[in-house]
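Enquirer: Quick one: this structure, given as structure tokens, is what I'll be asking you about.
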Amino acid sequence: MKKYKDLAPSPRTIMTPGPVEVDPRVLRAMSYPILGQFDPEFTSLMNETMEMLRELFQTENEWAFPVDGTSRSGIEAVLVGLIEPGDKVLVPIYGRFGHLLTEIAKRCGAEVVTLETEWGSVFKTEKIVQAIKAHQPKLVALVHGETSTGRMQPLEGIGQACREVDALFVVDAVATIGGIEVATDRLLIDAVIGGTQKCLSVPAGMAPITYNKRAEARLLSRKKIERGLLLADGEDDPLLRPIQSNYLDLSQLQDYWSPARLNHHTEATSMLYALREGLRLVLEEGLEARYARHREHEAALIAGLEAMGLSLYGDPACKMTVVTCIEIPAGVDGESVRSMLLDHYGIEIASSFGPLKGKIWRIGTMGYSCSKRNVLLTLGALEAVLLRHGHKLAAGRSLQAAMDVYDM
């Protein structure tokens with residue numbers, strides 16, 4: 001019989017746009033004993049998690065809780081709950097994940113209207129507002145930070161335009177929450193989806209979401225309780241168009257997270273420990289201080305890359321703080337560089353997708369991975385590897401430029 005070795009993953013410096021390195025305190029939290037999902041001690045942790053998520057999302061919403069599953073589960077839960085077959089949905093696309101929103105909306109039976117702009121740029125707000133007025137959608141779905149291109153779409157004014165036509169405004173903030181401000185209430189966003197494995201530095205496995213009363217009303221109009229949970233038999237409403245997914249049914253999940261604790265699924269106990277600890281650490285650092293930390297390390301990384309003679313990809317006016325995209329120099333094998341960084345230095349950076357595959361590298365400075373040590377280590381290793389690949393550059397300038405930003 002085949003025998004397997006003890007699990008011993010290699011230590012890595014993860015500088016991708018997700019997943020990123022997990023704070024050791026989060027890993028420690030995941031090792032704690034399991035509690036039953038209706039144990040008062042555990043439901044108290046659930047309530048604390050909801051409280052902290054409201055602070056993170058900057059909202060007074062009653063509903064702020066995680067969906068069990070990776071970030072895509074949160075996106076699907078929100079869209080499958082809010083979109084009925086035949087609804088008109090507007091999706092502005094400026095990278096890979098706008099296409100994902102489009103695909104999910106179509107699977108929900110929506111009539112999807114898309115706007116597209118060149119990858120590496122974003123939309124002028126006026127163009128989105130004009131499309132909202134012209135198409136009168138029931139829902140607008142938009143990516144806040146597009147990791148495939150390293151760009152960030154400004155959200156100011158879009159929520160107000162949605163309110164004027166009674167459309168719901170849904171934002172994918174998977175890549176920005178915890179690293180860049182997501183002011184849910186101020187921006188009039190009806191539903192926001194976050195992710196754990198990026199700026200929150202928690203393992204992938206939960207998708208924090210929040211939604212307001214406008215979105216809740218849409219969910220409750222489609223609510224169907226499982227027959228096995230009802231106290232007495234009842235007839236289904238023949239006009240009801242229930243949410244197609246049972247596992248991702250937010251109308252049932254909010255009962256599970258409410259004081260009623262109506263059973264839905266078995267909560268992912270260790271992941272909730274991780275999320276609670278990750279949120280605690282975010283709030284302990286302070287949101288503004290955390291955003292400033294991400295800006296500082298981005299500035300040092302950019303200074304080092306430019307001193308190396310490398311060109312940044314995309315419109316700098318809409319660059320994401322937490323993702324930096326670099327044009328692969330002519331004559332350099334981008335995948336060979338990535339492999340050498342991983343094999344010899346234990347550093348992982350990312351390539352990209354679709355039309356950008358093989359054309360850019362993407363470096364994430366997110367959460368626990370966003371540190372002076374990691375930035376300086378990545379710059380030094382990248383310089384050495386590029387020299388090894390025959391690329392001419394001024395050796396030593398990169399680290400000095402980054403150190404100047406850090407005022408070392």
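By convention here, the chains of the structure tokens are called A, B, ... in the order presented, each chain's residues are numbered starting at 1, and ligands are numbered starting at 1 in the order presented.
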Write out as a VMD selection string the set of residues from range 39-226 of chain A that DSSP, computed on the backbone, places in strand (DSSP E).

Expert: chain A and resid 63 to 68 88 to 93 111 to 116 139 to 143 145 to 146 151 to 152 168 to 172 191 to 193 206 to 211

Enquirer: Export C-alpha atoms of the chosen residues as a compact mmCIF listing (two decimals), in the first residue's frame?

Expert:
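Everything below was put into out05.txt:
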```
# COMPACT_ATOMS: atom_id res chain seq x y z
CA TRP A 63 -27.30 42.04 7.21
CA ALA A 64 -23.55 41.58 7.07
CA PHE A 65 -22.37 37.98 7.24
CA PRO A 66 -20.19 35.49 5.34
CA VAL A 67 -21.39 33.00 2.76
CA ASP A 68 -19.56 29.69 3.15
CA LYS A 88 -32.59 43.51 -17.28
CA VAL A 89 -29.09 43.71 -15.80
CA LEU A 90 -26.37 46.20 -16.74
CA VAL A 91 -22.72 45.08 -16.40
CA PRO A 92 -19.86 47.45 -17.26
CA ILE A 93 -16.84 45.28 -18.21
CA GLU A 111 -31.40 40.05 -20.09
CA VAL A 112 -27.83 41.34 -19.80
CA VAL A 113 -26.72 44.65 -21.28
CA THR A 114 -22.96 45.19 -21.25
CA LEU A 115 -20.64 48.15 -21.64
CA GLU A 116 -17.04 47.40 -22.55
CA LEU A 139 -29.82 45.73 -11.34
CA VAL A 140 -26.34 47.13 -12.06
CA ALA A 141 -23.40 44.82 -11.26
CA LEU A 142 -19.91 46.30 -11.20
CA VAL A 143 -16.40 45.20 -10.21
CA GLY A 145 -11.12 46.44 -8.24
CA GLU A 146 -10.28 44.38 -11.34
CA ARG A 151 -7.50 48.94 -12.37
CA MET A 152 -10.16 50.34 -10.03
CA LEU A 168 -30.25 47.75 -7.32
CA PHE A 169 -26.52 48.53 -7.25
CA VAL A 170 -24.30 45.47 -6.62
CA VAL A 171 -20.51 45.80 -6.22
CA ASP A 172 -17.86 43.07 -6.35
CA ALA A 191 -25.16 44.83 -1.93
CA VAL A 192 -21.40 44.33 -1.63
CA ILE A 193 -19.40 41.11 -1.93
CA MET A 206 -15.75 32.47 2.98
CA ALA A 207 -17.28 35.42 1.15
CA PRO A 208 -18.31 38.30 3.44
CA ILE A 209 -21.33 40.16 2.10
CA THR A 210 -23.65 42.95 3.15
CA TYR A 211 -26.94 44.17 1.74
```

Enquirer: Nearest to Leu253 in chain A among A:Met52, A:Leu219, A:Leu387, A:Ala204, with distances taken over only C-alpha atoms: which residue is it?

Expert: A:Leu219

Enquirer: Quick one: residues within 9 Å of Ser10 in chain A, only C-alpha atoms, excluding same-chain residues fewer than 2 positions away - as a list in words?

Expert: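 Near neighbours after the sequence-gap exclusion: Ala8, Arg12 and Gly346 of chain A.
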
Enquirer: When distances are computed from only C-alpha atoms, which of A:Gly18, A:Pro355, A:Pro329, A:Pro85 shows the smallest separation from Ser201 in chain A?

Expert: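 Among A:Gly18, A:Pro355, A:Pro329, A:Pro85, it is A:Gly18 that comes nearest to Ser201 in chain A.
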
Enquirer: Check range 15-69 of chain A with DSSP on the backbone and list each residue it calls helix (DSSP H, G or I), as an MDAnalysis selection string.

Expert: chainID A and resid 24:30 40:57

Enquirer: I'd like the interatomic distance between CA of Val26 in chain A and CA of Leu200 in chain A, to a tenth of an Å.

Expert: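 Interatomic distance here is 10.2 Å.
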
Enquirer: Quick one, how far is CA of Thr49 in chain A from CA of Ile14 in chain A?

Expert: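 About the pair CA of Thr49 in chain A and CA of Ile14 in chain A: they are 26.5 Å apart.
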
Enquirer: Show which residues sit within 10 Å of Arg186 in chain A, as a PDB file with C-alpha atoms, in the first residue's frame. Count only C-alpha atoms, and ignore same-chain residues fewer than 5 positions away.

Expert:
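Result file is around-v6.pdb:
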```
ATOM      1  CA  GLN A  58     -18.804  51.018   6.607  1.00  0.00           C
ATOM      2  CA  THR A  59     -22.517  50.312   6.819  1.00  0.00           C
ATOM      3  CA  GLU A 156     -19.102  57.942  -6.890  1.00  0.00           C
ATOM      4  CA  GLY A 159     -25.519  54.500  -6.664  1.00  0.00           C
TER       5      GLY A 159
END
```
